[in-house]
file protein.txt (compact mmCIF, N, CA and C atoms)
# COMPACT_ATOMS: atom_id res chain seq x y z
N MET A 1 20.33 2.32 28.16
CA MET A 1 18.88 2.15 28.21
C MET A 1 18.48 0.67 28.13
N ARG A 2 19.05 -0.06 27.20
CA ARG A 2 18.69 -1.46 27.08
C ARG A 2 19.04 -2.23 28.35
N LYS A 3 20.08 -1.79 28.99
CA LYS A 3 20.55 -2.45 30.19
C LYS A 3 19.45 -2.53 31.26
N HIS A 4 18.63 -1.53 31.32
CA HIS A 4 17.59 -1.48 32.34
C HIS A 4 16.21 -1.87 31.80
N GLY A 5 16.13 -2.34 30.55
CA GLY A 5 14.87 -2.79 30.00
C GLY A 5 13.95 -1.69 29.51
N ILE A 6 14.46 -0.48 29.43
CA ILE A 6 13.61 0.64 29.00
C ILE A 6 13.17 0.45 27.55
N THR A 7 14.05 -0.08 26.73
CA THR A 7 13.70 -0.28 25.32
C THR A 7 12.53 -1.25 25.19
N SER A 8 12.57 -2.35 25.94
CA SER A 8 11.48 -3.32 25.84
C SER A 8 10.18 -2.75 26.43
N ILE A 9 10.29 -1.92 27.46
CA ILE A 9 9.09 -1.29 28.02
C ILE A 9 8.46 -0.36 26.99
N GLY A 10 9.29 0.43 26.32
CA GLY A 10 8.80 1.33 25.28
C GLY A 10 8.14 0.56 24.15
N SER A 11 8.75 -0.54 23.77
CA SER A 11 8.18 -1.38 22.71
C SER A 11 6.84 -1.96 23.13
N ASN A 12 6.75 -2.40 24.39
CA ASN A 12 5.48 -2.95 24.89
C ASN A 12 4.39 -1.88 24.93
N VAL A 13 4.74 -0.68 25.33
CA VAL A 13 3.77 0.42 25.34
C VAL A 13 3.26 0.67 23.92
N CYS A 14 4.18 0.67 22.96
CA CYS A 14 3.77 0.88 21.56
C CYS A 14 2.84 -0.24 21.08
N ARG A 15 3.12 -1.47 21.49
CA ARG A 15 2.25 -2.59 21.11
C ARG A 15 0.85 -2.43 21.70
N VAL A 16 0.78 -2.01 22.95
CA VAL A 16 -0.52 -1.80 23.61
C VAL A 16 -1.28 -0.69 22.90
N MET A 17 -0.58 0.41 22.58
CA MET A 17 -1.22 1.52 21.88
C MET A 17 -1.71 1.07 20.50
N SER A 18 -0.92 0.25 19.82
CA SER A 18 -1.32 -0.27 18.50
C SER A 18 -2.57 -1.13 18.61
N SER A 19 -2.58 -2.00 19.61
CA SER A 19 -3.74 -2.87 19.82
C SER A 19 -4.99 -2.06 20.12
N SER A 20 -4.85 -1.05 20.95
CA SER A 20 -5.99 -0.19 21.30
C SER A 20 -6.51 0.55 20.06
N ALA A 21 -5.61 1.09 19.27
CA ALA A 21 -6.02 1.80 18.06
C ALA A 21 -6.66 0.84 17.06
N ASN A 22 -6.13 -0.37 16.98
CA ASN A 22 -6.67 -1.37 16.06
C ASN A 22 -8.09 -1.75 16.47
N GLN A 23 -8.33 -1.92 17.76
CA GLN A 23 -9.67 -2.26 18.25
C GLN A 23 -10.66 -1.13 18.01
N SER A 24 -10.16 0.09 17.89
CA SER A 24 -11.02 1.26 17.62
C SER A 24 -11.13 1.54 16.13
N ASP A 25 -10.67 0.60 15.32
CA ASP A 25 -10.67 0.75 13.85
C ASP A 25 -9.89 1.98 13.38
N GLN A 26 -8.90 2.38 14.13
CA GLN A 26 -7.99 3.45 13.72
C GLN A 26 -6.74 2.77 13.17
N LEU A 27 -6.89 2.20 11.97
CA LEU A 27 -5.83 1.35 11.42
C LEU A 27 -4.55 2.11 11.13
N GLY A 28 -4.66 3.34 10.67
CA GLY A 28 -3.47 4.13 10.40
C GLY A 28 -2.66 4.36 11.66
N LEU A 29 -3.33 4.71 12.73
CA LEU A 29 -2.67 4.93 14.01
C LEU A 29 -2.09 3.63 14.54
N ALA A 30 -2.84 2.55 14.40
CA ALA A 30 -2.35 1.24 14.84
C ALA A 30 -1.08 0.86 14.08
N LEU A 31 -1.06 1.16 12.80
CA LEU A 31 0.11 0.85 11.98
C LEU A 31 1.32 1.67 12.43
N ILE A 32 1.12 2.93 12.71
CA ILE A 32 2.21 3.79 13.16
C ILE A 32 2.78 3.29 14.50
N TRP A 33 1.90 2.91 15.44
CA TRP A 33 2.38 2.39 16.71
C TRP A 33 3.12 1.07 16.53
N SER A 34 2.65 0.23 15.63
CA SER A 34 3.35 -1.05 15.37
C SER A 34 4.72 -0.80 14.76
N LEU A 35 4.81 0.21 13.90
CA LEU A 35 6.12 0.56 13.34
C LEU A 35 7.06 1.05 14.44
N GLN A 36 6.53 1.85 15.36
CA GLN A 36 7.34 2.33 16.49
C GLN A 36 7.85 1.16 17.33
N ALA A 37 7.00 0.14 17.49
CA ALA A 37 7.36 -1.03 18.28
C ALA A 37 8.26 -1.98 17.48
N LYS A 38 8.41 -1.72 16.19
CA LYS A 38 9.15 -2.61 15.29
C LYS A 38 8.54 -4.01 15.31
N ASP A 39 7.22 -4.04 15.39
CA ASP A 39 6.46 -5.29 15.43
C ASP A 39 6.02 -5.60 14.00
N LEU A 40 6.87 -6.30 13.27
CA LEU A 40 6.63 -6.54 11.85
C LEU A 40 5.43 -7.43 11.60
N VAL A 41 5.14 -8.34 12.52
CA VAL A 41 3.95 -9.19 12.36
C VAL A 41 2.70 -8.32 12.38
N SER A 42 2.62 -7.41 13.34
CA SER A 42 1.45 -6.53 13.43
C SER A 42 1.40 -5.57 12.24
N VAL A 43 2.54 -5.06 11.82
CA VAL A 43 2.58 -4.17 10.65
C VAL A 43 1.99 -4.89 9.44
N THR A 44 2.38 -6.13 9.24
CA THR A 44 1.88 -6.91 8.11
C THR A 44 0.38 -7.17 8.25
N LYS A 45 -0.07 -7.56 9.42
CA LYS A 45 -1.49 -7.85 9.64
C LYS A 45 -2.35 -6.60 9.43
N ILE A 46 -1.90 -5.48 9.96
CA ILE A 46 -2.68 -4.24 9.81
C ILE A 46 -2.70 -3.81 8.35
N SER A 47 -1.57 -3.95 7.67
CA SER A 47 -1.53 -3.62 6.24
C SER A 47 -2.51 -4.47 5.45
N GLU A 48 -2.57 -5.75 5.80
CA GLU A 48 -3.52 -6.65 5.13
C GLU A 48 -4.96 -6.27 5.45
N THR A 49 -5.22 -5.86 6.66
CA THR A 49 -6.57 -5.41 7.02
C THR A 49 -6.97 -4.19 6.21
N ILE A 50 -6.04 -3.25 6.04
CA ILE A 50 -6.31 -2.06 5.22
C ILE A 50 -6.61 -2.47 3.78
N LEU A 51 -5.84 -3.42 3.25
CA LEU A 51 -6.08 -3.89 1.88
C LEU A 51 -7.43 -4.63 1.79
N ASP A 52 -7.76 -5.43 2.80
CA ASP A 52 -9.06 -6.12 2.81
C ASP A 52 -10.21 -5.11 2.84
N ASN A 53 -10.05 -4.05 3.64
CA ASN A 53 -11.06 -3.00 3.69
C ASN A 53 -11.21 -2.34 2.31
N TYR A 54 -10.10 -2.17 1.61
CA TYR A 54 -10.17 -1.59 0.27
C TYR A 54 -10.97 -2.51 -0.66
N ILE A 55 -10.72 -3.80 -0.58
CA ILE A 55 -11.47 -4.75 -1.42
C ILE A 55 -12.96 -4.64 -1.13
N GLU A 56 -13.32 -4.53 0.15
CA GLU A 56 -14.73 -4.47 0.55
C GLU A 56 -15.39 -3.15 0.18
N THR A 57 -14.68 -2.04 0.36
CA THR A 57 -15.31 -0.72 0.20
C THR A 57 -14.95 -0.02 -1.11
N GLY A 58 -13.85 -0.45 -1.74
CA GLY A 58 -13.42 0.20 -2.98
C GLY A 58 -12.68 1.51 -2.74
N GLY A 59 -12.27 1.76 -1.51
CA GLY A 59 -11.55 3.00 -1.23
C GLY A 59 -10.73 2.93 0.03
N PHE A 60 -9.82 3.87 0.13
CA PHE A 60 -9.00 4.01 1.32
C PHE A 60 -9.55 5.15 2.15
N SER A 61 -9.34 5.09 3.44
CA SER A 61 -9.71 6.23 4.28
C SER A 61 -8.53 6.62 5.15
N ASN A 62 -8.22 7.89 5.15
CA ASN A 62 -7.19 8.47 6.01
C ASN A 62 -5.84 7.76 5.93
N LEU A 63 -5.31 7.61 4.73
CA LEU A 63 -4.00 6.99 4.58
C LEU A 63 -2.93 7.99 4.17
N ASP A 64 -3.18 9.26 4.44
CA ASP A 64 -2.19 10.27 4.10
C ASP A 64 -0.86 10.04 4.81
N PHE A 65 -0.90 9.39 5.97
CA PHE A 65 0.32 9.14 6.72
C PHE A 65 1.29 8.26 5.92
N LEU A 66 0.77 7.45 4.99
CA LEU A 66 1.64 6.59 4.20
C LEU A 66 2.67 7.39 3.41
N ASP A 67 2.28 8.60 3.00
CA ASP A 67 3.19 9.43 2.23
C ASP A 67 4.39 9.87 3.07
N GLN A 68 4.29 9.78 4.38
CA GLN A 68 5.34 10.25 5.28
C GLN A 68 6.20 9.12 5.86
N LEU A 69 5.95 7.88 5.48
CA LEU A 69 6.66 6.77 6.11
C LEU A 69 8.09 6.59 5.63
N GLY A 70 8.39 7.06 4.44
CA GLY A 70 9.76 6.95 3.93
C GLY A 70 10.24 5.50 3.90
N ASN A 71 11.43 5.27 4.44
CA ASN A 71 12.04 3.94 4.42
C ASN A 71 11.33 2.93 5.32
N ASN A 72 10.46 3.39 6.21
CA ASN A 72 9.71 2.45 7.04
C ASN A 72 8.85 1.52 6.20
N LYS A 73 8.51 1.94 4.99
CA LYS A 73 7.71 1.07 4.11
C LYS A 73 8.46 -0.20 3.76
N LEU A 74 9.78 -0.16 3.84
CA LEU A 74 10.60 -1.30 3.46
C LEU A 74 10.62 -2.40 4.52
N LEU A 75 10.05 -2.13 5.69
CA LEU A 75 10.09 -3.09 6.78
C LEU A 75 9.18 -4.29 6.56
N SER A 76 8.17 -4.14 5.74
CA SER A 76 7.20 -5.21 5.51
C SER A 76 6.79 -5.21 4.04
N ASN A 77 6.77 -6.38 3.44
CA ASN A 77 6.34 -6.46 2.04
C ASN A 77 4.93 -5.94 1.84
N ARG A 78 4.04 -6.26 2.78
CA ARG A 78 2.65 -5.80 2.66
C ARG A 78 2.56 -4.29 2.78
N LEU A 79 3.34 -3.72 3.71
CA LEU A 79 3.34 -2.27 3.87
C LEU A 79 3.93 -1.60 2.63
N MET A 80 4.98 -2.20 2.06
CA MET A 80 5.56 -1.65 0.84
C MET A 80 4.52 -1.70 -0.29
N PHE A 81 3.82 -2.82 -0.40
CA PHE A 81 2.77 -2.95 -1.40
C PHE A 81 1.68 -1.90 -1.19
N LEU A 82 1.25 -1.76 0.05
CA LEU A 82 0.21 -0.78 0.37
C LEU A 82 0.65 0.62 -0.01
N GLY A 83 1.88 0.98 0.31
CA GLY A 83 2.40 2.30 -0.04
C GLY A 83 2.46 2.51 -1.54
N LYS A 84 2.91 1.49 -2.26
CA LYS A 84 2.99 1.60 -3.73
C LYS A 84 1.60 1.63 -4.36
N TYR A 85 0.67 0.89 -3.78
CA TYR A 85 -0.69 0.89 -4.31
C TYR A 85 -1.34 2.26 -4.11
N ARG A 86 -1.08 2.87 -2.98
CA ARG A 86 -1.57 4.23 -2.75
C ARG A 86 -0.93 5.19 -3.74
N GLU A 87 0.35 5.01 -3.99
CA GLU A 87 1.05 5.84 -4.98
C GLU A 87 0.40 5.68 -6.35
N PHE A 88 0.01 4.46 -6.70
CA PHE A 88 -0.70 4.20 -7.96
C PHE A 88 -1.97 5.04 -8.03
N HIS A 89 -2.76 5.03 -6.95
CA HIS A 89 -4.00 5.79 -6.94
C HIS A 89 -3.75 7.30 -7.04
N ASN A 90 -2.70 7.76 -6.39
CA ASN A 90 -2.36 9.18 -6.49
C ASN A 90 -1.98 9.55 -7.92
N MET A 91 -1.30 8.66 -8.62
CA MET A 91 -0.93 8.91 -10.02
C MET A 91 -2.18 8.99 -10.90
N ILE A 92 -3.13 8.13 -10.65
CA ILE A 92 -4.38 8.16 -11.42
C ILE A 92 -5.09 9.49 -11.18
N LYS A 93 -5.15 9.92 -9.91
CA LYS A 93 -5.81 11.18 -9.58
C LYS A 93 -5.16 12.38 -10.26
N THR A 94 -3.85 12.31 -10.46
CA THR A 94 -3.13 13.44 -11.05
C THR A 94 -2.89 13.25 -12.55
N GLN A 95 -3.67 12.36 -13.15
CA GLN A 95 -3.66 12.15 -14.61
C GLN A 95 -2.30 11.66 -15.13
N GLN A 96 -1.60 10.85 -14.35
CA GLN A 96 -0.33 10.27 -14.78
C GLN A 96 -0.55 8.80 -15.14
N GLN A 97 -1.41 8.57 -16.12
CA GLN A 97 -1.82 7.22 -16.46
C GLN A 97 -0.66 6.31 -16.88
N LYS A 98 0.28 6.81 -17.64
CA LYS A 98 1.39 5.97 -18.10
C LYS A 98 2.24 5.52 -16.92
N LYS A 99 2.58 6.45 -16.04
CA LYS A 99 3.35 6.08 -14.84
C LYS A 99 2.55 5.12 -13.96
N ALA A 100 1.26 5.38 -13.85
CA ALA A 100 0.40 4.51 -13.04
C ALA A 100 0.37 3.10 -13.63
N ALA A 101 0.28 3.01 -14.94
CA ALA A 101 0.27 1.70 -15.61
C ALA A 101 1.58 0.95 -15.36
N ASP A 102 2.69 1.66 -15.46
CA ASP A 102 3.99 1.03 -15.22
C ASP A 102 4.08 0.53 -13.77
N LEU A 103 3.61 1.32 -12.83
CA LEU A 103 3.64 0.93 -11.43
C LEU A 103 2.71 -0.25 -11.19
N LEU A 104 1.55 -0.24 -11.81
CA LEU A 104 0.60 -1.34 -11.65
C LEU A 104 1.20 -2.66 -12.16
N VAL A 105 1.84 -2.61 -13.31
CA VAL A 105 2.49 -3.81 -13.84
C VAL A 105 3.57 -4.30 -12.88
N SER A 106 4.31 -3.36 -12.33
CA SER A 106 5.36 -3.70 -11.36
C SER A 106 4.75 -4.37 -10.12
N LEU A 107 3.62 -3.87 -9.66
CA LEU A 107 2.96 -4.46 -8.49
C LEU A 107 2.48 -5.88 -8.78
N VAL A 108 1.93 -6.10 -9.97
CA VAL A 108 1.46 -7.44 -10.33
C VAL A 108 2.65 -8.40 -10.42
N GLU A 109 3.72 -7.95 -11.05
CA GLU A 109 4.89 -8.81 -11.23
C GLU A 109 5.61 -9.11 -9.92
N SER A 110 5.57 -8.18 -8.98
CA SER A 110 6.33 -8.33 -7.74
C SER A 110 5.77 -9.38 -6.79
N ASN A 111 4.47 -9.63 -6.87
CA ASN A 111 3.80 -10.55 -5.95
C ASN A 111 3.96 -10.13 -4.49
N LEU A 112 4.12 -8.83 -4.23
CA LEU A 112 4.23 -8.34 -2.86
C LEU A 112 2.88 -8.31 -2.16
N GLY A 113 1.82 -8.16 -2.93
CA GLY A 113 0.48 -8.08 -2.36
C GLY A 113 -0.07 -9.46 -2.05
N PRO A 114 -1.11 -9.50 -1.25
CA PRO A 114 -1.73 -10.80 -0.95
C PRO A 114 -2.34 -11.37 -2.23
N PRO A 115 -2.29 -12.68 -2.39
CA PRO A 115 -2.83 -13.30 -3.61
C PRO A 115 -4.28 -12.90 -3.89
N ARG A 116 -5.09 -12.73 -2.86
CA ARG A 116 -6.50 -12.36 -3.06
C ARG A 116 -6.64 -10.96 -3.64
N PHE A 117 -5.57 -10.18 -3.65
CA PHE A 117 -5.62 -8.81 -4.16
C PHE A 117 -5.29 -8.74 -5.65
N GLN A 118 -4.82 -9.83 -6.23
CA GLN A 118 -4.43 -9.83 -7.65
C GLN A 118 -5.60 -9.47 -8.56
N ILE A 119 -6.79 -9.95 -8.26
CA ILE A 119 -7.94 -9.63 -9.10
C ILE A 119 -8.24 -8.13 -9.07
N THR A 120 -8.03 -7.51 -7.91
CA THR A 120 -8.23 -6.06 -7.79
C THR A 120 -7.23 -5.33 -8.70
N LEU A 121 -5.99 -5.79 -8.70
CA LEU A 121 -4.98 -5.17 -9.56
C LEU A 121 -5.35 -5.33 -11.04
N LEU A 122 -5.85 -6.49 -11.39
CA LEU A 122 -6.24 -6.72 -12.79
C LEU A 122 -7.43 -5.83 -13.17
N LEU A 123 -8.37 -5.67 -12.25
CA LEU A 123 -9.51 -4.78 -12.52
C LEU A 123 -9.04 -3.33 -12.66
N ASP A 124 -8.04 -2.95 -11.87
CA ASP A 124 -7.49 -1.60 -11.98
C ASP A 124 -6.83 -1.36 -13.34
N SER A 125 -6.38 -2.42 -13.97
CA SER A 125 -5.69 -2.26 -15.25
C SER A 125 -6.65 -2.02 -16.41
N LEU A 126 -7.90 -2.42 -16.27
CA LEU A 126 -8.84 -2.32 -17.39
C LEU A 126 -8.96 -0.92 -17.98
N PRO A 127 -9.14 0.11 -17.16
CA PRO A 127 -9.24 1.45 -17.76
C PRO A 127 -7.92 1.92 -18.38
N LEU A 128 -6.82 1.31 -18.01
CA LEU A 128 -5.52 1.74 -18.51
C LEU A 128 -5.09 1.04 -19.79
N ILE A 129 -5.75 -0.07 -20.11
CA ILE A 129 -5.33 -0.83 -21.28
C ILE A 129 -5.50 -0.01 -22.55
N ASN A 130 -6.58 0.72 -22.64
CA ASN A 130 -6.76 1.57 -23.80
C ASN A 130 -7.44 2.86 -23.35
N ASP A 131 -6.65 3.76 -22.84
CA ASP A 131 -7.14 5.04 -22.35
C ASP A 131 -7.10 6.04 -23.49
N ALA A 132 -8.23 6.58 -23.86
CA ALA A 132 -8.30 7.48 -25.01
C ALA A 132 -8.01 8.93 -24.63
N ASP A 133 -7.45 9.16 -23.47
CA ASP A 133 -7.13 10.51 -23.03
C ASP A 133 -6.12 11.16 -23.97
N GLU A 134 -6.40 12.36 -24.43
CA GLU A 134 -5.50 13.04 -25.36
C GLU A 134 -4.17 13.41 -24.74
N ASN A 135 -4.08 13.42 -23.42
CA ASN A 135 -2.84 13.79 -22.76
C ASN A 135 -1.81 12.66 -22.76
N CYS A 136 -2.23 11.47 -23.14
CA CYS A 136 -1.29 10.36 -23.17
C CYS A 136 -0.31 10.55 -24.32
N ASP A 137 0.95 10.20 -24.06
CA ASP A 137 1.97 10.41 -25.06
C ASP A 137 2.09 9.25 -26.05
N THR A 138 1.20 8.27 -25.98
CA THR A 138 1.29 7.11 -26.86
C THR A 138 0.00 6.91 -27.65
N ASN A 139 -0.57 7.98 -28.13
CA ASN A 139 -1.79 7.91 -28.94
C ASN A 139 -2.92 7.16 -28.26
N GLY A 140 -3.08 7.38 -26.98
CA GLY A 140 -4.19 6.78 -26.25
C GLY A 140 -3.90 5.44 -25.63
N VAL A 141 -2.82 4.77 -26.01
CA VAL A 141 -2.50 3.48 -25.43
C VAL A 141 -1.58 3.70 -24.23
N VAL A 142 -2.08 3.31 -23.08
CA VAL A 142 -1.31 3.50 -21.86
C VAL A 142 -0.51 2.25 -21.53
N MET A 143 -1.11 1.08 -21.73
CA MET A 143 -0.42 -0.19 -21.48
C MET A 143 -0.17 -0.85 -22.82
N ASP A 144 1.05 -1.27 -23.05
CA ASP A 144 1.35 -1.94 -24.32
C ASP A 144 1.11 -3.44 -24.19
N SER A 145 1.25 -4.15 -25.29
CA SER A 145 0.94 -5.58 -25.29
C SER A 145 1.84 -6.37 -24.34
N ARG A 146 3.08 -5.94 -24.16
CA ARG A 146 3.99 -6.62 -23.23
C ARG A 146 3.44 -6.54 -21.81
N GLN A 147 2.89 -5.39 -21.45
CA GLN A 147 2.40 -5.20 -20.09
C GLN A 147 1.11 -5.96 -19.83
N THR A 148 0.35 -6.23 -20.86
CA THR A 148 -0.93 -6.94 -20.65
C THR A 148 -0.74 -8.46 -20.59
N HIS A 149 0.48 -8.94 -20.81
CA HIS A 149 0.77 -10.38 -20.74
C HIS A 149 1.61 -10.72 -19.53
N VAL A 150 1.35 -10.06 -18.42
CA VAL A 150 2.13 -10.27 -17.20
C VAL A 150 1.91 -11.66 -16.69
call {"tool": "encode", "arguments": {"input": "protein.txt", "output": "structure tokens"}}
result
Amino acid sequence: MRKHGITSIGSNVCRVMSSSANQSDQLGLALIWSLQAKDLVSVTKISETILDNYIETGGFSNLDFLDQLGNNKLLSNRLMFLGKYREFHNMIKTQQQKKAADLLVSLVESNLGPPRFQITLLLDSLPLINDADENCDTNGVVMDSRQTHV
């Protein structure tokens, strides 16, 4: 296949599809096409756009596909960060505050996210610093003093 350029044609088609989806603000679809094209620059840019949209709107839209990416998340630091940040939000939704706090600390320490996103991570930590939820296994303290001095 490579001998006849079919691989590069397929990659170019995926890039065009990604660009078209990106222009239509279908960022999830654009990201999937960029992954198919193995276009890591586009994967990173689209991941950053999704994170920027989160900063602006305070929420994600239609990112269920991230749960299905598996090892593809490892192709880009930004995509890995995006996937882990979504995992953090899923943990919060399912009342797993301690696990969410541990993951959040890991995200801050890793520096995988864009620098402008650090303040968002710190704001996310505020409700976890002293969560009075009776379901917590540490008498209401979700983040310990070591975790708050990252």
call {"tool": "atom_distance", "arguments": {"input": "protein.txt", "atom1": "atom N of Ser106 (chain A)", "atom2": "atom N of His89 (chain A)"}}
result
12.2 Å
call {"tool": "select_by_dssp", "arguments": {"input": "protein.txt", "residues": "region 47-120 of chain A", "states": "alpha helix (DSSP H)", "output": "tab-separated table (two decimals) with N, CA and C atoms, in the frame of the given file"}}
result
chain	number	residue	atom	x	y	z
A	47	SER	N	-1.57	-3.95	7.67
A	47	SER	CA	-1.53	-3.62	6.24
A	47	SER	C	-2.51	-4.47	5.45
A	48	GLU	N	-2.57	-5.75	5.80
A	48	GLU	CA	-3.52	-6.65	5.13
A	48	GLU	C	-4.96	-6.27	5.45
A	49	THR	N	-5.22	-5.86	6.66
A	49	THR	CA	-6.57	-5.41	7.02
A	49	THR	C	-6.97	-4.19	6.21
A	50	ILE	N	-6.04	-3.25	6.04
A	50	ILE	CA	-6.31	-2.06	5.22
A	50	ILE	C	-6.61	-2.47	3.78
A	51	LEU	N	-5.84	-3.42	3.25
A	51	LEU	CA	-6.08	-3.89	1.88
A	51	LEU	C	-7.43	-4.63	1.79
A	52	ASP	N	-7.76	-5.43	2.80
A	52	ASP	CA	-9.06	-6.12	2.81
A	52	ASP	C	-10.21	-5.11	2.84
A	53	ASN	N	-10.05	-4.05	3.64
A	53	ASN	CA	-11.06	-3.00	3.69
A	53	ASN	C	-11.21	-2.34	2.31
A	54	TYR	N	-10.10	-2.17	1.61
A	54	TYR	CA	-10.17	-1.59	0.27
A	54	TYR	C	-10.97	-2.51	-0.66
A	55	ILE	N	-10.72	-3.80	-0.58
A	55	ILE	CA	-11.47	-4.75	-1.42
A	55	ILE	C	-12.96	-4.64	-1.13
A	56	GLU	N	-13.32	-4.53	0.15
A	56	GLU	CA	-14.73	-4.47	0.55
A	56	GLU	C	-15.39	-3.15	0.18
A	57	THR	N	-14.68	-2.04	0.36
A	57	THR	CA	-15.31	-0.72	0.20
A	57	THR	C	-14.95	-0.02	-1.11
A	77	ASN	N	6.77	-6.38	3.44
A	77	ASN	CA	6.34	-6.46	2.04
A	77	ASN	C	4.93	-5.94	1.84
A	78	ARG	N	4.04	-6.26	2.78
A	78	ARG	CA	2.65	-5.80	2.66
A	78	ARG	C	2.56	-4.29	2.78
A	79	LEU	N	3.34	-3.72	3.71
A	79	LEU	CA	3.34	-2.27	3.87
A	79	LEU	C	3.93	-1.60	2.63
A	80	MET	N	4.98	-2.20	2.06
A	80	MET	CA	5.56	-1.65	0.84
A	80	MET	C	4.52	-1.70	-0.29
A	81	PHE	N	3.82	-2.82	-0.40
A	81	PHE	CA	2.77	-2.95	-1.40
A	81	PHE	C	1.68	-1.90	-1.19
A	82	LEU	N	1.25	-1.76	0.05
A	82	LEU	CA	0.21	-0.78	0.37
A	82	LEU	C	0.65	0.62	-0.01
A	83	GLY	N	1.88	0.98	0.31
A	83	GLY	CA	2.40	2.30	-0.04
A	83	GLY	C	2.46	2.51	-1.54
A	84	LYS	N	2.91	1.49	-2.26
A	84	LYS	CA	2.99	1.60	-3.73
A	84	LYS	C	1.60	1.63	-4.36
A	85	TYR	N	0.67	0.89	-3.78
A	85	TYR	CA	-0.69	0.89	-4.31
A	85	TYR	C	-1.34	2.26	-4.11
A	86	ARG	N	-1.08	2.87	-2.98
A	86	ARG	CA	-1.57	4.23	-2.75
A	86	ARG	C	-0.93	5.19	-3.74
A	87	GLU	N	0.35	5.01	-3.99
A	87	GLU	CA	1.05	5.84	-4.98
A	87	GLU	C	0.40	5.68	-6.35
A	88	PHE	N	0.01	4.46	-6.70
A	88	PHE	CA	-0.70	4.20	-7.96
A	88	PHE	C	-1.97	5.04	-8.03
A	89	HIS	N	-2.76	5.03	-6.95
A	89	HIS	CA	-4.00	5.79	-6.94
A	89	HIS	C	-3.75	7.30	-7.04
A	90	ASN	N	-2.70	7.76	-6.39
A	90	ASN	CA	-2.36	9.18	-6.49
A	90	ASN	C	-1.98	9.55	-7.92
A	91	MET	N	-1.30	8.66	-8.62
A	91	MET	CA	-0.93	8.91	-10.02
A	91	MET	C	-2.18	8.99	-10.90
A	92	ILE	N	-3.13	8.13	-10.65
A	92	ILE	CA	-4.38	8.16	-11.42
A	92	ILE	C	-5.09	9.49	-11.18
A	93	LYS	N	-5.15	9.92	-9.91
A	93	LYS	CA	-5.81	11.18	-9.58
A	93	LYS	C	-5.16	12.38	-10.26
A	97	GLN	N	-1.41	8.57	-16.12
A	97	GLN	CA	-1.82	7.22	-16.46
A	97	GLN	C	-0.66	6.31	-16.88
A	98	LYS	N	0.28	6.81	-17.64
A	98	LYS	CA	1.39	5.97	-18.10
A	98	LYS	C	2.24	5.52	-16.92
A	99	LYS	N	2.58	6.45	-16.04
A	99	LYS	CA	3.35	6.08	-14.84
A	99	LYS	C	2.55	5.12	-13.96
A	100	ALA	N	1.26	5.38	-13.85
A	100	ALA	CA	0.40	4.51	-13.04
A	100	ALA	C	0.37	3.10	-13.63
A	101	ALA	N	0.28	3.01	-14.94
A	101	ALA	CA	0.27	1.70	-15.61
A	101	ALA	C	1.58	0.95	-15.36
A	102	ASP	N	2.69	1.66	-15.46
A	102	ASP	CA	3.99	1.03	-15.22
A	102	ASP	C	4.08	0.53	-13.77
A	103	LEU	N	3.61	1.32	-12.83
A	103	LEU	CA	3.64	0.93	-11.43
A	103	LEU	C	2.71	-0.25	-11.19
A	104	LEU	N	1.55	-0.24	-11.81
A	104	LEU	CA	0.60	-1.34	-11.65
A	104	LEU	C	1.20	-2.66	-12.16
A	105	VAL	N	1.84	-2.61	-13.31
A	105	VAL	CA	2.49	-3.81	-13.84
A	105	VAL	C	3.57	-4.30	-12.88
A	106	SER	N	4.31	-3.36	-12.33
A	106	SER	CA	5.36	-3.70	-11.36
A	106	SER	C	4.75	-4.37	-10.12
A	107	LEU	N	3.62	-3.87	-9.66
A	107	LEU	CA	2.96	-4.46	-8.49
A	107	LEU	C	2.48	-5.88	-8.78
A	108	VAL	N	1.93	-6.10	-9.97
A	108	VAL	CA	1.46	-7.44	-10.33
A	108	VAL	C	2.65	-8.40	-10.42
A	109	GLU	N	3.72	-7.95	-11.05
A	109	GLU	CA	4.89	-8.81	-11.23
A	109	GLU	C	5.61	-9.11	-9.92
A	110	SER	N	5.57	-8.18	-8.98
A	110	SER	CA	6.33	-8.33	-7.74
A	110	SER	C	5.77	-9.38	-6.79
A	118	GLN	N	-4.82	-9.83	-6.23
A	118	GLN	CA	-4.43	-9.83	-7.65
A	118	GLN	C	-5.60	-9.47	-8.56
A	119	ILE	N	-6.79	-9.95	-8.26
A	119	ILE	CA	-7.94	-9.63	-9.10
A	119	ILE	C	-8.24	-8.13	-9.07
A	120	THR	N	-8.03	-7.51	-7.91
A	120	THR	CA	-8.23	-6.06	-7.79
A	120	THR	C	-7.23	-5.33	-8.70
call {"tool": "residues_around", "arguments": {"input": "protein.txt", "residues": "Gln118 (chain A)", "least_positions_apart": "5", "cutoff": "7 Å", "atoms": "only N, CA and C atoms", "output": "ChimeraX atom specification"}}
result
/A:108,113,123
call {"tool": "atom_distance", "arguments": {"input": "protein.txt", "atom1": "atom N of Thr44 (chain A)", "atom2": "atom C of Lys93 (chain A)"}}
result
27.9 Å
call {"tool": "atom_distance", "arguments": {"input": "protein.txt", "atom1": "CA of Asp102 (chain A)", "atom2": "CA of Asn53 (chain A)"}}
result
24.5 Å
